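Colleague: This is the structure I want to talk about, given as structure tokens.
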Amino acid sequence: MDTNPTLNKICWVSVEEVEDEDGTSLTNIGQYIEPQPDTGWRLGKGETRFERCKREQQEGGEDLWSPFEDEEEWGLAQWLVKNLGQTRTDEFLKLPITQQRTKLSFHNSRSFLQRVDALPHGPGWTCKNVTVHGNRQDEAGELLQEEVELWSQDPVEYVKELIGNPAFKADMGYSPARAYANHVGQHRVIDEMWTADWWSNKQNTLPEGATITPIILSSDKMTLSQFRGDKSAWPVYMSIGNITKAKRRQASACATVLIGYLPAGKLDCFTPYERSLAGYRLFHHCMALLLHPLIAVSDLARR
């Protein structure tokens, strides 16, 4: 059995040119790869979510394009999601020419979104209330506090989603390797995460055949998403280092997923002097809660 599904021998690897969403050319020249042996073993074959959904459709006698009528309606649904917002979708579906000539199974934005929601989807959202105890007192002498919301999705499930996505099959690396610009091995190239020394050094501390999945997190606290009322939050995105950087940079590839919204409370329960430090503490506390499933899985793997 082939225990290493990707870099199982020294070979030339070339990555074809891909044009990113902004028109940037992502070109990678041919490289000479020297993989580290006895890593990233294939232990068996599992069923991805996509395969499971297809099997359940077949077993249930559902049409391939369900919950839409056929391939053409499915294609229109894709176009609507990618190009129109909810208001524009409603306007398009209510046009006389759309209603009289297309004969769609959905006639407004609400019925269209109901079909979209019926499609297979990833982990659901959960909301955790976090109580922040301040250092200011109210008129009764009690310390003020503020309730904030942490919205999250299970990061472990999304790691499974990314690894099991067949669209990334040709863009995945499971083993550390040294990459060189020529076969002599004089000019080392470090471009992907698995070509760096960190991955190889960490691999040496793990059992034979183990696979490393590096977690890449990103957040932009300047890009706030408005929730109901005066509550705001900033998003947290996740990807994995097994996917090539060229694929991760393609917005249309969806190789980076949203896993949570960190609260951006006003923290008026603190004095102005303490408010900034309290904001940092709240950020790290909520990030720890968001990533707790990953920590739990890592602890379990060490046992």
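Labels for the structure tokens follow display order: chains A, B, ..., residues from 1 in each chain, ligands from 1.
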Find the residues around region 49-55 of chain A up to 10 Å (only C-alpha atoms counted), leave out those fewer than 6 positions away in its own chain, and share them as a PDB file with all heavy atoms, in the first residue's frame.
Modeller:
```
ATOM      1  N   GLY A  61     -33.240   8.550  -3.523  1.00  0.00           N
ATOM      2  CA  GLY A  61     -33.903   8.734  -4.808  1.00  0.00           C
ATOM      3  C   GLY A  61     -34.013  10.190  -5.229  1.00  0.00           C
ATOM      4  O   GLY A  61     -34.841  10.518  -6.083  1.00  0.00           O
ATOM      5  N   GLU A  62     -33.183  11.050  -4.667  1.00  0.00           N
ATOM      6  CA  GLU A  62     -33.237  12.463  -5.023  1.00  0.00           C
ATOM      7  C   GLU A  62     -32.519  12.708  -6.347  1.00  0.00           C
ATOM      8  O   GLU A  62     -31.591  11.995  -6.715  1.00  0.00           O
ATOM      9  CB  GLU A  62     -32.577  13.321  -3.929  1.00  0.00           C
ATOM     10  CG  GLU A  62     -33.310  13.322  -2.614  1.00  0.00           C
ATOM     11  CD  GLU A  62     -32.654  14.258  -1.617  1.00  0.00           C
ATOM     12  OE1 GLU A  62     -32.016  15.237  -2.057  1.00  0.00           O
ATOM     13  OE2 GLU A  62     -32.766  14.010  -0.407  1.00  0.00           O
ATOM     14  N   LEU A  64     -30.049  14.645  -8.916  1.00  0.00           N
ATOM     15  CA  LEU A  64     -28.697  15.159  -8.737  1.00  0.00           C
ATOM     16  C   LEU A  64     -28.692  16.648  -8.459  1.00  0.00           C
ATOM     17  O   LEU A  64     -27.854  17.143  -7.696  1.00  0.00           O
ATOM     18  CB  LEU A  64     -27.859  14.854  -9.988  1.00  0.00           C
ATOM     19  CG  LEU A  64     -26.430  15.392 -10.022  1.00  0.00           C
ATOM     20  CD1 LEU A  64     -25.605  14.742  -8.917  1.00  0.00           C
ATOM     21  CD2 LEU A  64     -25.781  15.129 -11.378  1.00  0.00           C
ATOM     22  N   LEU A 119     -29.501  23.130   0.833  1.00  0.00           N
ATOM     23  CA  LEU A 119     -28.298  22.473   0.332  1.00  0.00           C
ATOM     24  C   LEU A 119     -27.434  21.977   1.485  1.00  0.00           C
ATOM     25  O   LEU A 119     -27.506  22.522   2.595  1.00  0.00           O
ATOM     26  CB  LEU A 119     -27.489  23.445  -0.529  1.00  0.00           C
ATOM     27  CG  LEU A 119     -28.096  23.862  -1.864  1.00  0.00           C
ATOM     28  CD1 LEU A 119     -27.323  25.032  -2.458  1.00  0.00           C
ATOM     29  CD2 LEU A 119     -28.108  22.691  -2.839  1.00  0.00           C
ATOM     30  N   PRO A 120     -26.626  20.950   1.273  1.00  0.00           N
ATOM     31  CA  PRO A 120     -25.702  20.501   2.322  1.00  0.00           C
ATOM     32  C   PRO A 120     -24.783  21.647   2.730  1.00  0.00           C
ATOM     33  O   PRO A 120     -24.317  22.420   1.898  1.00  0.00           O
ATOM     34  CB  PRO A 120     -24.912  19.370   1.645  1.00  0.00           C
ATOM     35  CG  PRO A 120     -25.792  18.896   0.537  1.00  0.00           C
ATOM     36  CD  PRO A 120     -26.538  20.107   0.060  1.00  0.00           C
ATOM     37  N   HIS A 121     -24.543  21.757   4.011  1.00  0.00           N
ATOM     38  CA  HIS A 121     -23.712  22.858   4.499  1.00  0.00           C
ATOM     39  C   HIS A 121     -22.799  22.369   5.609  1.00  0.00           C
ATOM     40  O   HIS A 121     -22.924  21.245   6.103  1.00  0.00           O
ATOM     41  CB  HIS A 121     -24.595  24.011   4.997  1.00  0.00           C
ATOM     42  CG  HIS A 121     -25.618  23.590   6.017  1.00  0.00           C
ATOM     43  ND1 HIS A 121     -25.321  23.387   7.343  1.00  0.00           N
ATOM     44  CD2 HIS A 121     -26.938  23.305   5.885  1.00  0.00           C
ATOM     45  CE1 HIS A 121     -26.405  23.004   7.988  1.00  0.00           C
ATOM     46  NE2 HIS A 121     -27.397  22.944   7.122  1.00  0.00           N
ATOM     47  N   GLY A 122     -21.892  23.218   6.000  1.00  0.00           N
ATOM     48  CA  GLY A 122     -20.908  22.871   7.011  1.00  0.00           C
ATOM     49  C   GLY A 122     -21.456  22.990   8.416  1.00  0.00           C
ATOM     50  O   GLY A 122     -22.676  23.023   8.626  1.00  0.00           O
ATOM     51  N   LYS A 160     -11.562  19.239   8.731  1.00  0.00           N
ATOM     52  CA  LYS A 160     -12.011  18.049   8.002  1.00  0.00           C
ATOM     53  C   LYS A 160     -12.582  18.442   6.638  1.00  0.00           C
ATOM     54  O   LYS A 160     -12.361  17.755   5.634  1.00  0.00           O
ATOM     55  CB  LYS A 160     -13.067  17.295   8.809  1.00  0.00           C
ATOM     56  CG  LYS A 160     -12.570  16.732  10.129  1.00  0.00           C
ATOM     57  CD  LYS A 160     -13.717  16.060  10.879  1.00  0.00           C
ATOM     58  CE  LYS A 160     -13.280  15.545  12.232  1.00  0.00           C
ATOM     59  NZ  LYS A 160     -14.404  14.929  12.985  1.00  0.00           N
ATOM     60  N   GLU A 161     -13.328  19.549   6.627  1.00  0.00           N
ATOM     61  CA  GLU A 161     -13.924  20.017   5.374  1.00  0.00           C
ATOM     62  C   GLU A 161     -12.840  20.348   4.352  1.00  0.00           C
ATOM     63  O   GLU A 161     -12.934  19.959   3.183  1.00  0.00           O
ATOM     64  CB  GLU A 161     -14.768  21.268   5.638  1.00  0.00           C
ATOM     65  CG  GLU A 161     -16.033  21.030   6.421  1.00  0.00           C
ATOM     66  CD  GLU A 161     -17.179  20.600   5.544  1.00  0.00           C
ATOM     67  OE1 GLU A 161     -17.382  21.216   4.482  1.00  0.00           O
ATOM     68  OE2 GLU A 161     -17.852  19.631   5.908  1.00  0.00           O
ATOM     69  N   GLY A 164     -10.941  17.200   3.226  1.00  0.00           N
ATOM     70  CA  GLY A 164     -11.780  16.300   2.450  1.00  0.00           C
ATOM     71  C   GLY A 164     -12.386  16.901   1.205  1.00  0.00           C
ATOM     72  O   GLY A 164     -13.135  16.223   0.489  1.00  0.00           O
ATOM     73  N   ASN A 165     -12.059  18.151   0.910  1.00  0.00           N
ATOM     74  CA  ASN A 165     -12.617  18.801  -0.280  1.00  0.00           C
ATOM     75  C   ASN A 165     -11.879  18.318  -1.529  1.00  0.00           C
ATOM     76  O   ASN A 165     -10.681  18.572  -1.681  1.00  0.00           O
ATOM     77  CB  ASN A 165     -12.492  20.317  -0.153  1.00  0.00           C
ATOM     78  CG  ASN A 165     -13.295  21.057  -1.200  1.00  0.00           C
ATOM     79  OD1 ASN A 165     -13.523  20.548  -2.302  1.00  0.00           O
ATOM     80  ND2 ASN A 165     -13.729  22.260  -0.877  1.00  0.00           N
ATOM     81  N   PRO A 166     -12.553  17.612  -2.440  1.00  0.00           N
ATOM     82  CA  PRO A 166     -11.867  17.092  -3.631  1.00  0.00           C
ATOM     83  C   PRO A 166     -11.297  18.184  -4.531  1.00  0.00           C
ATOM     84  O   PRO A 166     -10.402  17.917  -5.330  1.00  0.00           O
ATOM     85  CB  PRO A 166     -12.964  16.293  -4.344  1.00  0.00           C
ATOM     86  CG  PRO A 166     -14.255  16.843  -3.838  1.00  0.00           C
ATOM     87  CD  PRO A 166     -13.989  17.262  -2.430  1.00  0.00           C
TER      88      PRO A 166
END
```
Colleague: Going by DSSP on the backbone, which residues of region 142-230 of chain A come out as alpha helix (DSSP H)? List them as JSON, numbers by chain.
Modeller: {"A": [155, 156, 157, 158, 159, 160, 161, 162, 163, 197, 198, 199, 200, 201, 202, 203]}
Colleague: Measuring between only C-alpha atoms, which one of A:Gly40, A:Tyr32, A:Gly60, A:Ala255 shows the shortest distance to Ser200 (chain A)?
Modeller: A:Gly40
Colleague: Nearest to Ser232 (chain A) among A:Leu258, A:His284, A:Leu150, A:His183, with distances taken over only C-alpha atoms: which residue is it?
Modeller: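 Using only C-alpha atoms, the shortest distance to Ser232 (chain A) belongs to A:Leu150.
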